[in-house]
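Below is run_28.txt, holding compact mmCIF, C-alpha atoms.
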```
# COMPACT_ATOMS: atom_id res chain seq x y z
CA MET A 1040 -57.50 -4.89 26.37
CA SER A 1041 -59.92 -2.47 24.67
CA SER A 1042 -63.67 -3.12 24.74
CA SER A 1043 -63.64 -3.85 21.01
CA SER A 1044 -60.85 -6.40 21.52
CA GLN A 1045 -62.80 -8.04 24.34
CA SER A 1046 -65.85 -8.15 22.09
CA ASP A 1047 -63.81 -9.84 19.37
CA VAL A 1048 -62.45 -12.43 21.79
CA LEU A 1049 -65.97 -13.34 22.92
CA LEU A 1050 -67.14 -13.42 19.32
CA VAL A 1051 -64.37 -15.81 18.29
CA ARG A 1052 -65.07 -18.07 21.25
CA ALA A 1053 -68.71 -18.29 20.20
CA ILE A 1054 -67.68 -19.03 16.62
CA ARG A 1055 -65.43 -21.83 17.84
CA THR A 1056 -68.54 -23.49 19.30
CA GLY A 1057 -70.19 -23.36 15.87
CA GLU A 1058 -72.57 -20.52 16.73
CA GLU A 1059 -73.99 -19.28 13.42
CA GLN A 1060 -75.22 -15.93 14.75
CA ALA A 1061 -71.73 -15.14 16.00
CA TRP A 1062 -70.34 -15.94 12.57
CA ASN A 1063 -72.94 -13.67 10.97
CA THR A 1064 -71.91 -10.94 13.39
CA LEU A 1065 -68.25 -11.25 12.47
CA ILE A 1066 -69.07 -11.08 8.77
CA ALA A 1067 -71.20 -7.97 9.28
CA ARG A 1068 -68.56 -6.34 11.44
CA TYR A 1069 -65.60 -6.85 9.11
CA GLU A 1070 -66.76 -7.36 5.53
CA GLY A 1071 -66.92 -3.65 4.70
CA ARG A 1072 -63.34 -2.87 5.62
CA LEU A 1073 -62.01 -6.07 4.05
CA LEU A 1074 -63.86 -5.28 0.84
CA ALA A 1075 -62.45 -1.74 0.82
CA PHE A 1076 -58.94 -3.14 1.35
CA VAL A 1077 -59.19 -5.59 -1.53
CA GLU A 1078 -61.11 -3.34 -3.90
CA SER A 1079 -58.53 -0.56 -3.56
CA ARG A 1080 -56.14 -2.94 -5.34
CA LEU A 1081 -58.34 -4.84 -7.71
CA ARG A 1082 -60.69 -2.03 -8.79
CA ASN A 1083 -63.20 -4.77 -9.58
CA ARG A 1084 -66.15 -5.22 -7.21
CA ALA A 1085 -67.07 -8.78 -8.24
CA ALA A 1086 -63.49 -10.04 -7.97
CA SER A 1087 -63.04 -8.20 -4.67
CA GLU A 1088 -66.14 -9.83 -3.20
CA ASP A 1089 -64.76 -13.22 -4.24
CA VAL A 1090 -61.46 -12.52 -2.47
CA VAL A 1091 -63.30 -11.42 0.69
CA GLN A 1092 -65.38 -14.59 0.50
CA GLU A 1093 -62.16 -16.62 0.35
CA THR A 1094 -60.87 -14.61 3.31
CA PHE A 1095 -63.80 -15.61 5.49
CA VAL A 1096 -63.42 -19.26 4.51
CA GLY A 1097 -59.69 -18.98 5.20
CA PHE A 1098 -60.40 -17.61 8.65
CA LEU A 1099 -62.66 -20.50 9.57
CA THR A 1100 -60.28 -23.14 8.26
CA SER A 1101 -57.42 -21.56 10.21
CA LEU A 1102 -59.48 -21.00 13.36
CA PRO A 1103 -58.11 -24.01 15.26
CA HIS A 1104 -54.67 -22.36 15.07
CA TYR A 1105 -55.77 -18.78 15.71
CA ASP A 1106 -54.24 -17.26 18.85
CA GLU A 1107 -56.78 -15.05 20.65
CA ASN A 1108 -53.93 -12.80 21.78
CA ARG A 1109 -53.55 -11.70 18.19
CA ALA A 1110 -55.89 -8.86 17.22
CA LEU A 1111 -58.74 -10.20 15.11
CA GLU A 1112 -58.84 -7.32 12.64
CA GLY A 1113 -55.14 -7.57 11.85
CA TYR A 1114 -55.45 -11.32 11.44
CA LEU A 1115 -58.34 -10.94 9.00
CA PHE A 1116 -56.44 -8.30 7.03
CA SER A 1117 -53.40 -10.60 6.81
CA ILE A 1118 -55.55 -13.43 5.44
CA ALA A 1119 -57.10 -10.99 2.96
CA ALA A 1120 -53.60 -9.88 1.91
CA HIS A 1121 -52.61 -13.48 1.22
CA LYS A 1122 -55.80 -14.18 -0.73
CA LEU A 1123 -55.29 -10.95 -2.66
CA THR A 1124 -51.71 -11.94 -3.50
CA ASP A 1125 -52.90 -15.36 -4.67
CA TYR A 1126 -55.51 -13.74 -6.90
CA LEU A 1127 -53.04 -11.28 -8.40
CA ARG A 1128 -50.59 -14.10 -9.15
CA ARG A 1129 -53.30 -16.15 -10.86
CA GLU A 1130 -54.22 -13.08 -12.91
CA GLY A 1131 -50.57 -12.55 -13.85
CA ARG A 1132 -50.51 -9.12 -12.24
CA ARG A 1133 -48.01 -10.08 -9.59
CA PRO A 1134 -44.74 -11.45 -10.96
CA ALA A 1135 -43.22 -14.48 -9.27
CA LEU A 1136 -39.93 -13.99 -7.50
CA PRO A 1137 -36.70 -15.87 -8.26
CA LEU A 1138 -36.03 -16.96 -4.70
CA SER A 1139 -32.66 -18.42 -5.63
CA ALA A 1140 -31.41 -15.11 -7.03
CA THR A 1141 -27.93 -15.72 -5.66
CA GLU A 1142 -26.36 -19.14 -5.72
CA ASP A 1143 -26.28 -19.75 -2.02
CA SER A 1144 -27.97 -22.64 -0.35
CA GLN A 1145 -26.63 -21.98 3.12
CA GLY A 1146 -29.04 -19.17 3.99
CA VAL A 1147 -26.25 -16.59 3.89
CA TRP A 1148 -27.63 -13.08 3.77
CA ASP A 1149 -26.29 -9.58 3.42
CA VAL A 1150 -27.44 -6.46 5.16
CA PRO A 1151 -27.50 -3.77 2.47
CA GLY A 1152 -24.77 -1.24 3.08
CA SER A 1153 -23.06 -3.46 5.60
CA ALA A 1154 -19.76 -5.24 5.10
CA ARG A 1155 -20.90 -8.04 7.34
CA VAL A 1156 -22.06 -11.31 5.98
CA ALA A 1157 -23.56 -13.52 8.64
CA SER A 1158 -24.22 -17.18 8.46
CA SER A 1159 -27.65 -18.44 9.10
CA LEU A 1160 -28.27 -18.76 12.81
CA ALA A 1161 -29.83 -22.08 13.71
CA ARG A 1162 -32.56 -20.88 16.02
CA SER A 1163 -35.79 -22.61 16.80
CA SER A 1164 -39.05 -21.00 15.77
CA GLU A 1165 -39.81 -20.52 19.46
CA ARG A 1166 -36.58 -18.57 19.88
CA ARG A 1167 -37.37 -16.40 16.87
CA GLN A 1168 -40.84 -15.76 18.25
CA LEU A 1169 -39.32 -14.75 21.58
CA GLU A 1170 -37.04 -12.28 19.83
CA ALA A 1171 -39.90 -10.80 17.81
CA VAL A 1172 -42.03 -10.43 20.93
CA ALA A 1173 -39.16 -8.73 22.77
CA LEU A 1174 -38.58 -6.31 19.91
CA GLN A 1175 -42.29 -5.59 19.61
CA ALA A 1176 -42.52 -4.90 23.35
CA ALA A 1177 -39.56 -2.51 23.19
CA LEU A 1178 -41.08 -0.70 20.21
CA GLN A 1179 -44.50 -0.53 21.83
CA ASP A 1180 -43.00 0.86 25.00
CA GLN A 1181 -41.33 3.66 23.05
CA VAL A 1182 -44.42 4.39 20.93
CA GLU A 1183 -46.65 4.63 24.02
CA HIS A 1184 -44.13 6.95 25.66
CA TRP A 1185 -44.26 9.34 22.70
CA GLN A 1186 -48.06 9.12 22.46
CA ALA A 1187 -48.49 9.86 26.17
CA ARG A 1188 -46.22 12.92 25.86
CA GLY A 1189 -47.85 14.08 22.62
CA ASP A 1190 -44.49 13.73 20.83
CA TRP A 1191 -46.22 13.27 17.51
CA ARG A 1192 -43.35 14.67 15.39
CA LYS A 1193 -40.90 12.17 16.84
CA LEU A 1194 -43.33 9.34 16.27
CA MET A 1195 -43.92 10.36 12.66
CA CYS A 1196 -40.19 10.79 12.12
CA ILE A 1197 -39.28 7.33 13.41
CA GLU A 1198 -42.16 5.74 11.55
CA LEU A 1199 -41.05 7.21 8.22
CA LEU A 1200 -37.44 6.22 8.89
CA PHE A 1201 -38.09 2.60 9.85
CA VAL A 1202 -41.50 1.58 8.54
CA ARG A 1203 -41.03 3.23 5.14
CA GLY A 1204 -37.22 3.29 5.16
CA TRP A 1205 -37.01 6.91 4.05
CA ALA A 1206 -33.71 8.77 4.11
CA ASN A 1207 -33.09 11.38 6.81
CA LYS A 1208 -33.28 14.18 4.25
CA GLN A 1209 -36.64 13.04 2.90
CA VAL A 1210 -38.09 12.71 6.40
CA ALA A 1211 -36.79 16.15 7.35
CA GLY A 1212 -38.43 17.68 4.30
CA GLU A 1213 -41.74 15.94 4.89
CA LEU A 1214 -41.99 16.90 8.56
CA SER A 1215 -40.35 20.33 8.39
CA LEU A 1216 -37.53 19.21 10.66
CA SER A 1217 -33.82 19.75 10.25
CA GLU A 1218 -31.74 16.77 9.19
CA GLN A 1219 -29.87 17.10 12.48
CA GLN A 1220 -33.12 16.76 14.42
CA VAL A 1221 -34.01 13.66 12.43
CA ALA A 1222 -30.55 12.19 13.07
CA ASN A 1223 -30.87 12.96 16.79
CA TYR A 1224 -34.29 11.30 17.02
CA LYS A 1225 -32.96 8.24 15.20
CA TYR A 1226 -29.89 8.01 17.43
CA GLU A 1227 -31.95 8.31 20.62
CA PHE A 1228 -34.49 5.75 19.43
CA LEU A 1229 -31.88 3.16 18.42
CA ALA A 1230 -29.97 3.62 21.68
CA ARG A 1231 -33.13 2.91 23.70
CA LEU A 1232 -33.92 -0.17 21.64
CA ARG A 1233 -30.36 -1.50 21.94
CA ASN A 1234 -30.59 -1.20 25.70
CA ALA A 1235 -33.91 -3.01 25.72
CA VAL A 1236 -32.52 -5.81 23.54
CA ARG A 1237 -29.38 -6.15 25.68
CA ARG A 1238 -31.47 -6.37 28.85
CA GLN A 1239 -33.23 -9.34 27.31
CA GLY A 1240 -29.90 -11.02 26.60
CA LEU A 1241 -30.73 -11.35 22.91
CA SER A 1242 -28.23 -11.70 20.07
CA GLU A 1243 -27.26 -8.50 18.23
CA GLU A 1244 -26.96 -10.34 14.93
CA VAL A 1245 -30.71 -10.83 14.57
CA PHE A 1246 -31.41 -7.10 14.92
CA PRO A 1247 -28.95 -5.68 12.38
CA GLU A 1248 -30.69 -2.31 12.05
CA LEU A 1249 -29.93 -1.51 15.66
CA TYR A 1250 -26.23 -1.92 15.16
CA ASP A 1251 -25.44 -0.96 11.56
CA ALA A 1252 -22.99 1.94 11.20
CA GLU A 1253 -24.93 3.11 8.18
CA PRO A 1254 -28.59 2.08 8.57
CA GLU A 1255 -30.93 2.30 5.56
CA GLY A 1256 -31.82 5.85 4.62
CA ALA A 1257 -28.90 7.58 6.34
CA MET B 1049 -43.90 9.11 -8.61
CA THR B 1050 -42.99 10.74 -11.90
CA GLY B 1051 -41.32 9.00 -14.83
CA LYS B 1052 -40.67 5.29 -15.11
CA PRO B 1053 -39.84 3.94 -11.64
CA MET B 1054 -36.49 2.30 -11.02
CA ALA B 1055 -35.36 -0.19 -8.41
CA SER B 1056 -33.54 2.60 -6.57
CA ASP B 1057 -36.85 4.40 -6.03
CA PHE B 1058 -37.88 1.78 -3.48
CA THR B 1059 -36.41 1.26 -0.03
CA ASP B 1060 -35.92 -2.20 1.44
CA SER B 1061 -38.64 -1.46 3.99
CA GLU B 1062 -41.02 -0.66 1.15
CA LEU B 1063 -40.08 -3.87 -0.67
CA ALA B 1064 -40.75 -5.87 2.50
CA ALA B 1065 -44.15 -4.19 2.74
CA TYR B 1066 -44.74 -5.09 -0.91
CA LEU B 1067 -44.25 -8.77 -0.06
CA ASP B 1068 -46.94 -8.39 2.62
CA GLU B 1069 -49.36 -6.50 0.32
CA ALA B 1070 -49.06 -3.59 2.73
CA LEU B 1071 -47.83 -0.68 0.62
CA PRO B 1072 -50.03 2.08 -0.79
CA THR B 1073 -51.65 0.80 -3.97
CA ASP B 1074 -49.77 3.15 -6.30
CA LEU B 1075 -46.42 1.88 -4.96
CA MET B 1076 -47.60 -1.74 -5.18
CA SER B 1077 -48.38 -1.21 -8.88
CA ALA B 1078 -45.12 0.65 -9.48
CA ILE B 1079 -43.08 -2.21 -7.99
CA GLU B 1080 -45.00 -4.80 -10.01
CA SER B 1081 -44.42 -2.83 -13.16
CA THR B 1082 -40.70 -2.42 -12.43
CA LEU B 1083 -40.30 -6.10 -11.55
CA ARG B 1084 -41.19 -7.11 -15.07
CA THR B 1085 -38.03 -5.54 -16.49
CA ASP B 1086 -35.65 -4.95 -13.57
CA ARG B 1087 -33.82 -8.09 -12.48
CA GLY B 1088 -32.05 -6.14 -9.75
CA LEU B 1089 -35.34 -5.41 -8.04
CA ALA B 1090 -36.28 -9.08 -8.13
CA ASP B 1091 -32.91 -9.92 -6.57
CA ARG B 1092 -33.51 -7.41 -3.77
CA LEU B 1093 -36.91 -8.94 -3.02
CA ALA B 1094 -35.42 -12.41 -3.01
CA ALA B 1095 -32.75 -11.22 -0.56
CA ILE B 1096 -35.46 -9.92 1.78
CA VAL B 1097 -37.23 -13.27 1.62
CA ARG B 1098 -33.98 -15.04 2.48
CA ARG B 1099 -33.35 -12.69 5.41
CA ARG B 1100 -36.80 -13.46 6.75
CA ASP B 1101 -36.20 -17.17 6.35
CA ALA B 1102 -32.93 -16.76 8.26
CA GLY B 1103 -34.94 -15.19 11.10
CA VAL B 1104 -33.46 -11.70 10.85
CA HIS B 1105 -35.82 -9.19 12.42
CA SER B 1106 -36.72 -5.88 10.82
CA LEU B 1107 -37.96 -3.01 12.97
CA GLY B 1108 -40.32 -1.86 10.26
CA GLU B 1109 -41.79 -5.31 9.69
CA VAL B 1110 -42.39 -5.92 13.40
CA TRP B 1111 -43.89 -2.43 13.73
CA ARG B 1112 -46.11 -2.91 10.73
CA SER B 1113 -47.30 -6.46 11.49
CA ALA B 1114 -48.11 -5.54 15.10
CA ARG B 1115 -49.91 -2.38 13.90
CA LEU B 1116 -48.27 -0.51 16.73
CA THR B 1117 -49.49 2.90 15.67
CA CYS B 1118 -52.66 2.17 13.76
CA PRO B 1119 -55.42 4.36 15.18
CA ALA B 1120 -58.45 2.66 16.64
CA ARG B 1121 -61.49 2.60 14.39
CA GLU B 1122 -63.13 5.05 16.80
CA GLN B 1123 -60.27 7.48 16.21
CA LEU B 1124 -60.69 7.18 12.46
CA GLY B 1125 -64.34 7.98 12.99
CA GLY B 1126 -63.27 10.94 15.09
CA LEU B 1127 -61.17 12.16 12.19
CA LEU B 1128 -64.23 12.12 9.93
CA LEU B 1129 -66.35 13.86 12.55
CA GLU B 1130 -63.54 16.31 13.40
CA THR B 1131 -63.74 15.49 17.10
CA LEU B 1132 -60.09 14.61 17.70
CA ASP B 1133 -57.62 16.79 19.57
CA ASP B 1134 -55.30 18.67 17.21
CA GLY B 1135 -52.17 16.60 17.86
CA VAL B 1136 -53.99 13.30 17.59
CA ALA B 1137 -55.79 14.47 14.45
CA GLU B 1138 -52.50 15.49 12.87
CA TYR B 1139 -51.02 12.07 13.61
CA VAL B 1140 -54.07 10.14 12.36
CA ARG B 1141 -54.09 12.20 9.16
CA PHE B 1142 -50.36 11.48 8.73
CA HIS B 1143 -50.92 7.76 9.29
CA VAL B 1144 -53.65 7.57 6.67
CA GLU B 1145 -52.35 10.06 4.09
CA THR B 1146 -48.54 10.14 4.38
CA LEU B 1147 -47.71 6.70 5.74
CA ALA B 1148 -50.76 5.62 3.72
CA CYS B 1149 -51.53 2.58 5.89
CA ARG B 1150 -53.68 0.37 3.68
CA GLN B 1151 -55.64 -1.18 6.52
CA CYS B 1152 -56.50 2.16 8.11
CA GLN B 1153 -57.41 3.57 4.70
CA ALA B 1154 -59.78 0.61 4.27
CA ASN B 1155 -61.31 1.26 7.68
CA LEU B 1156 -61.79 4.91 6.82
CA ALA B 1157 -63.35 4.06 3.45
CA ASP B 1158 -65.73 1.67 5.19
CA LEU B 1159 -66.71 4.31 7.75
CA ARG B 1160 -67.36 6.83 4.96
CA ALA B 1161 -69.46 4.26 3.08
CA GLN B 1162 -71.51 3.51 6.17
CA ALA B 1163 -72.19 7.19 6.70
CA ALA B 1164 -73.22 7.66 3.08
CA THR B 1165 -76.33 6.36 1.34
CA ALA B 1166 -77.34 2.77 1.96
CA ASP B 1167 -75.57 0.07 -0.07
CA PRO B 1168 -78.34 -1.81 -1.93
CA GLY B 1169 -76.30 -4.99 -2.30
CA LEU B 1170 -75.14 -5.15 1.31
CA ALA B 1171 -77.64 -7.66 2.71
CA GLU B 1172 -77.30 -9.99 -0.27
CA ARG B 1173 -73.50 -9.84 -0.09
CA ARG B 1174 -73.46 -10.74 3.60
CA ILE B 1175 -75.85 -13.63 3.04
CA ARG B 1176 -73.57 -14.93 0.30
CA TYR B 1177 -70.50 -14.70 2.54
CA PHE B 1178 -72.35 -16.60 5.27
CA GLN B 1179 -73.73 -19.31 2.99
CA SER B 1180 -70.37 -19.92 1.31
CA SER B 1181 -68.54 -20.28 4.62
CA ALA B 1182 -70.97 -21.61 7.23
CA GLY B 1183 -70.13 -25.16 6.25
CA TYR B 1184 -66.68 -24.60 7.76
CA LEU B 1185 -68.13 -23.78 11.17
CA ARG B 1186 -67.47 -26.57 13.58
CA ARG B 1187 -67.65 -27.11 17.26
CA ASP B 1188 -64.42 -27.31 19.22
CA SER B 1189 -64.14 -30.78 20.67
```
Would you write out, as structure tokens, the structure that this file holds?
Amino acid sequence: MSSSSQSDVLLVRAIRTGEEQAWNTLIARYEGRLLAFVESRLRNRAASEDVVQETFVGFLTSLPHYDENRALEGYLFSIAAHKLTDYLRREGRRPALPLSATEDSQGVWDVPGSARVASSLARSSERRQLEAVALQAALQDQVEHWQARGDWRKLMCIELLFVRGWANKQVAGELSLSEQQVANYKYEFLARLRNAVRRQGLSEEVFPELYDAEPEGA
Amino acid sequence: MTGKPMASDFTDSELAAYLDEALPTDLMSAIESTLRTDRGLADRLAAIVRRRDAGVHSLGEVWRSARLTCPAREQLGGLLLETLDDGVAEYVRFHVETLACRQCQANLADLRAQAATADPGLAERRIRYFQSSAGYLRRDS
């Protein structure tokens, strides 16, 4: 754990005891970046300050459920994102979604580009959490491997492919790679992840991207 | 993005990031604008929500929510001070400018603001945040 993470853990523990100075410290430490995050969207300082204010209140009200293993900064940003979304909806800037877009009440979903239609898998939330943790660990392992080797191009390539969902051609153009190189990096990355997932004995169906013949962006 | 955006301009990964308020702000606005007239885009977003509800895992979403590659704040500071090694600097610049990570951009903006002239409203703002929230402080039993 980094020193800043350790500092955050101690800070949160003090806040849990009701220590006002600790709460002041957290506000001072994070309000600037939260304000920048919100204001970049709202372009209105007064409204942005209100959203950040709601974020801090939201943090305190959710504190009993906050897991110290989760990075504090990311948690605060996620609360801010929710508060920002709420604000934008109230302002009519963020359209509501028709969540029943297709007439299906059984939780049936399609993977775009795939012929497979899978029925909803009845898994407990604990099981889903286990799967997410396993996938995160496999991803982190690969990321740290590339970082340690200074394989920055590979890292950028995979990030554009899977975090942004860009097509191979677009990634190749952005990073001055050949499309073949991009395809090779993708193949190698997915193969490693599949192995990691299999070792954990997890179901393939809940990680469709690892097994699609034509993943997004191909 | 030139011309009026269409649903096909956005990947599913980008739409998932839209749901989490995690896309670059220009893309967030473009999707919101397109949603008002493009039913197909709304259907795609709804499908992503249903996949999440069904517990299907997305590499991009796990990567993004865990912030696997977000540079440490110290590294962002190093970018501003030009003290990073070349390879690391290239990656951090990519993360902020090309991937356009909103949270890292916010961190960078905050670091720039701190290095610039003093913010006259800073103390008052922090007092207001404290006063509006301190009532929610409570001791763990």
Notebook entry, point to check: Could you tell me, as a PyMOL selection string, which residues have any atom at most 12 Å from (-53.9, -15.4, 0.8), counting all atoms listed in the file?
Noted result: (chain A and resi 1077+1090-1098+1101+1114-1129) or (chain B and resi 1067-1069)
Check: Which residue out of A:Ala1235, A:Leu1111, A:Ala1176, A:Val1245 has the minimum interatomic distance to chain B when all atoms listed in the file are used?
Finding: A:Val1245
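Proximity of A:Asn1234, A:Gln1239, A:Gln1219, A:Gln1181 to chain B, computed with all atoms listed in the file, is greatest for A:Gln1181.
One finds CA of Glu1243 (chain A) at 12.4 Å from CA of Gly1103 (chain B).
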Enclose the full set of atoms of region 1109-1116 of chain A listed in the file within a box whose edges lie along x, y and z, apply 3 Å of padding to each of the six sides, and report centre and edge lengths in Å to one decimal as JSON.
```
{"center_x": -56.2, "center_y": -9.5, "center_z": 12.6, "size_x": 11.3, "size_y": 10.4, "size_z": 17.2}
```
Margin query: Counting all atoms listed in the file, which residue out of A:Ser1164, A:Asn1223, A:Ser1217, A:Ser1046 sits closest to Glu1107 (chain A)?
Written below: A:Ser1046
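For the point (-50.3, -1.7, -8.2), the residues with an atom at a distance of at most 10 Å are Ser1079, Arg1080, Leu1081, Leu1127, Arg1132 and Arg1133 of chain A; Tyr1066, Glu1069, Leu1071, Pro1072, Thr1073, Asp1074, Leu1075, Met1076, Ser1077, Ala1078, Ile1079, Glu1080 and Ser1081 of chain B, counting all atoms listed in the file.
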Go ahead and write the residues just picked, C-alpha atoms, as an mmCIF file, in the frame of the given file.
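Done, and the output landed in selection-v5.cif:
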```cif
data_model
loop_
_atom_site.group_PDB
_atom_site.id
_atom_site.type_symbol
_atom_site.label_atom_id
_atom_site.label_comp_id
_atom_site.auth_asym_id
_atom_site.auth_seq_id
_atom_site.Cartn_x
_atom_site.Cartn_y
_atom_site.Cartn_z
ATOM 1 C CA SER A 1079 -58.530 -0.560 -3.560
ATOM 2 C CA ARG A 1080 -56.140 -2.940 -5.340
ATOM 3 C CA LEU A 1081 -58.340 -4.840 -7.710
ATOM 4 C CA LEU A 1127 -53.040 -11.280 -8.400
ATOM 5 C CA ARG A 1132 -50.510 -9.120 -12.240
ATOM 6 C CA ARG A 1133 -48.010 -10.080 -9.590
ATOM 7 C CA TYR B 1066 -44.740 -5.090 -0.910
ATOM 8 C CA GLU B 1069 -49.360 -6.500 0.320
ATOM 9 C CA LEU B 1071 -47.830 -0.680 0.620
ATOM 10 C CA PRO B 1072 -50.030 2.080 -0.790
ATOM 11 C CA THR B 1073 -51.650 0.800 -3.970
ATOM 12 C CA ASP B 1074 -49.770 3.150 -6.300
ATOM 13 C CA LEU B 1075 -46.420 1.880 -4.960
ATOM 14 C CA MET B 1076 -47.600 -1.740 -5.180
ATOM 15 C CA SER B 1077 -48.380 -1.210 -8.880
ATOM 16 C CA ALA B 1078 -45.120 0.650 -9.480
ATOM 17 C CA ILE B 1079 -43.080 -2.210 -7.990
ATOM 18 C CA GLU B 1080 -45.000 -4.800 -10.010
ATOM 19 C CA SER B 1081 -44.420 -2.830 -13.160
#
```
